[in-house]
Amino acid sequence: MGEILTALGEAGRLIVGAEAALVEIVLLSLRVSLTAVLIACVFGLPLGAAIAVGRFWGRRPLIVIVNALMGLPPVVVGLFVYLMLSRAGPLGQFGILFTPGAMVIAQTILILPIVAALSRQVIEDAWQEYREQLRSLGAGPMTSALTLLWDTRFSLVTIVLAGFGRAAAEVGAVIIVGGNIDGVTRVMTTAIALETSKGDLPLALGLGIVLITLILTLNAAAYWVKEEAQRRYG
Amino acid sequence: MLPLVLEEVSFAVNGRLIIDRVSMEIGAGPRTVILGPNGAGKSVLMRLCHGLLAPTSGSIVWRGAVNGRTRQAMVFQRPVMLRRSALANIAYGLKLAGISPRERALRARDVLEAVGLADIAGRPARVLSGGEQQRVALARAWALGPEVLFLDEPTANLDPGASRDIETLIGQIRAGGTKIVMTTHNLGQAKRLGDEILFLNQGRLVERTPVGQFFTKPASAEAEAFIRGELPWN
């Protein structure tokens with residue numbers, strides 16, 4: 001017990017003192033996961049809106065598939081991206097395995113289905129309410145989708161943050177394609193895994209605290225944005 | 001674009017006839033009120049006329065000049081407000097109608113003033129009261145300068161005061177030369193706002209009678225039974 005308390009105290013010192021080793025890892029984590037979220041949103045939100053509004057052949061199977069992909073095991077995604085990017089793989093020529101770029105790709109694949117599936121649900125619910133009115137005003141599918149994306153923006157914030165939470169917290173994919181190389185591809189989760197097995201509890205605990213605080217803060221912010229928006233905009 | 005001509009129009013869902021071989025002509029001029037018991041097909045008939053639904057068989061043709069989508073508008077029982085200001089809700093409809101930005105702003109302001117909501121132009125539309133929302137919905141339709149305005153139970157969810165406001169507005173819109181076609185549950189409202197009654201029962205157009213005659217000497221036994229059944233509650 002005493003050992004854990006000492007480690008906790010040490011972890012607190014690392015955080016308060018903004019120790020370089022810790023800060024570097026936190027910043028890389030944020031860079032990788034935020035980039036992945038951004039890319040996932042650029043593709044995932046329009047995809048969600050298109051599936052919600054569109055009426056095309058194969059729509060139902062597509063919904064099932066996208067929903068199922070939300071549960072992709074990170075290690076499997078990591079393995080898949082690893083195979084694609086490895087020297088012998090189809091994208092091996094770019095030489096980006098074991099770089100932050102590879103980690104971004106893996107995390108994007110991981111959270112794109114989350115963004116697409118959850119936004120599809122939110123937008124489809126709104127579509128039920130809006131459909132006749134928008135068609136009456138002469139909106140086509142494209143205009144309707146854009147209108148709905150804008151009108152559900154406060155709910156979509158929550159979805160985007162859910163995606164970010166998933167990206168920032170996963171370890172399986174980034175450890176395979178990133179390799180946990182110190183100063184290059186070491187992020188919070190991979191560092192925690194490594195330091196714990198090495199017995200360096202203070203750094204692991206410090207990073208754990210930062211990670212949990214980050215996720216908590218983001219979710220609190222998302223909740224507040226939604227509540228406040230609901231109150232002000234209905 | 002008037003007259004609107006329906007020939008042998010039927011509409012079925014899963015083999016069940018909702019509208020049963022309705023033929024009629026709706027011309028400019030008299031205010032048309034569609035009456036009938038619940039499930040008679042009033043709302044469906046109106047949606048067919050407006051173009052939100054396509055008939056299963058028969059034809060619906062605007063016999064007048066070009067078939068313009070924007071020259072007709074519809075207001076629904078429950079106003080659908082977009083998550084933006086009252087003014088922006090009206091501008092949205094104008095934008096879809098292809099009106100230039102400057103013209104949109106002017107027209108939206110004018111029409112909001114005409115419905116007595118100039119002071120809440122900037123307020124988020126979804127937090128307005130039910131009556132105010134319905135006035136915004138009417139303003140949104142009115143701003144399009146429609147030749148025909150379809151109203152589906154426009155006051156069904158409103159209290160008497162708000163209903164009166166809406167009735168007054170419908171009068172103003174009519175005074176501007178717009179043809180009014182509406183459904184209502186309220187026989188008093190049908191008397192006040194209608195010039196002719198289309199009586200619908202079980203998807204069939206049973207009779208079409210001037211309003212005065214309809215309530216004193218309806219042509220059909222079904223209409224007579226309907227009026228007798230309804231009156232005690234109105």
# chains A, B, ... in the order shown; residues from 1 in each chain; ligands from 1

$ residues_around --residues "Trp150 in chain A" --least-positions-apart "3" --cutoff "12 Å" --atoms "only C-alpha atoms" --output "VMD selection string"
(chain A and resid 45 to 46 49 119 122 to 123 126 143 to 147 153 to 157) or (chain B and resid 82 to 84)

$ residues_around --residues "Leu151 in chain B" --least-positions-apart "2" --cutoff "9 Å" --atoms "only C-alpha atoms" --output "ChimeraX atom specification"
/B:46,73-77,149,153-154,180-184

$ interface_residues --of "chain A" --to "chain B" --cutoff "7 Å" --atoms "only C-alpha atoms" --output "list in words"
Tyr130, Gln133, Ser136, Leu137, Gly138, Ala139, Asp151, Tyr233 and Gly234 of chain A

$ write_last_selection --atoms "C-alpha atoms" --output "short mmCIF file (atom, residue, chain, number, x, y, z; two decimals), in the first residue's frame"
data_model
loop_
_atom_site.label_atom_id
_atom_site.label_comp_id
_atom_site.auth_asym_id
_atom_site.auth_seq_id
_atom_site.Cartn_x
_atom_site.Cartn_y
_atom_site.Cartn_z
CA TYR A 130 -38.28 17.34 -40.44
CA GLN A 133 -41.46 20.13 -43.87
CA SER A 136 -42.54 20.79 -48.70
CA LEU A 137 -40.02 23.62 -48.90
CA GLY A 138 -38.37 21.87 -51.84
CA ALA A 139 -35.23 20.48 -50.19
CA ASP A 151 -29.63 21.27 -36.84
CA TYR A 233 -32.04 26.84 -28.72
CA GLY A 234 -34.59 24.14 -27.89
#

$ atom_distance --atom1 "CA of Asn89 in chain B" --atom2 "CA of Leu48 in chain B"
24.7 Å

$ closest_residue --among "B:Lys217, B:Arg192, B:His185, B:Arg109" --to "Asn38 in chain B" --atoms "only C-alpha atoms"
B:His185

$ select_by_dssp --residues "range 74-170 of chain B" --states "strand (DSSP E)" --output "number ranges by chain"
B: 74-75, 148-152

$ residues_around --residues "Thr32 in chain B" --least-positions-apart "6" --cutoff "10 Å" --atoms "only C-alpha atoms" --output "ChimeraX atom specification"
/B:26,150,179-183,190,193-198,208-211

$ atom_distance --atom1 "CA of Arg21 in chain B" --atom2 "CA of Leu6 in chain B"
9.2 Å

$ residues_around --residues "Thr185 in chain A" --least-positions-apart "4" --cutoff "8 Å" --atoms "only C-alpha atoms" --output "mmCIF file with N, CA and C atoms, in the first residue's frame"
data_model
loop_
_atom_site.group_PDB
_atom_site.id
_atom_site.type_symbol
_atom_site.label_atom_id
_atom_site.label_comp_id
_atom_site.auth_asym_id
_atom_site.auth_seq_id
_atom_site.Cartn_x
_atom_site.Cartn_y
_atom_site.Cartn_z
ATOM 1 N N LEU A 28 1.659 14.177 -27.757
ATOM 2 C CA LEU A 28 1.589 13.292 -28.923
ATOM 3 C C LEU A 28 0.247 12.553 -28.952
ATOM 4 N N PHE A 98 5.176 2.477 -37.880
ATOM 5 C CA PHE A 98 5.898 2.981 -36.706
ATOM 6 C C PHE A 98 6.091 4.493 -36.734
ATOM 7 N N THR A 99 5.138 5.216 -37.302
ATOM 8 C CA THR A 99 5.140 6.684 -37.221
ATOM 9 C C THR A 99 3.775 7.103 -36.671
ATOM 10 N N PRO A 100 3.669 8.345 -36.198
ATOM 11 C CA PRO A 100 2.359 8.830 -35.740
ATOM 12 C C PRO A 100 1.307 8.738 -36.845
ATOM 13 N N GLY A 178 2.309 1.622 -34.026
ATOM 14 C CA GLY A 178 3.228 2.681 -33.594
ATOM 15 C C GLY A 178 4.511 2.108 -33.027
ATOM 16 N N GLY A 179 4.359 1.026 -32.296
ATOM 17 C CA GLY A 179 5.539 0.373 -31.750
ATOM 18 C C GLY A 179 6.017 0.954 -30.437
ATOM 19 N N ASN A 180 5.337 1.971 -29.914
ATOM 20 C CA ASN A 180 5.693 2.549 -28.614
ATOM 21 C C ASN A 180 7.154 2.986 -28.565
ATOM 22 N N ILE A 181 7.605 3.666 -29.600
ATOM 23 C CA ILE A 181 9.001 4.118 -29.657
ATOM 24 C C ILE A 181 9.127 5.435 -28.880
#
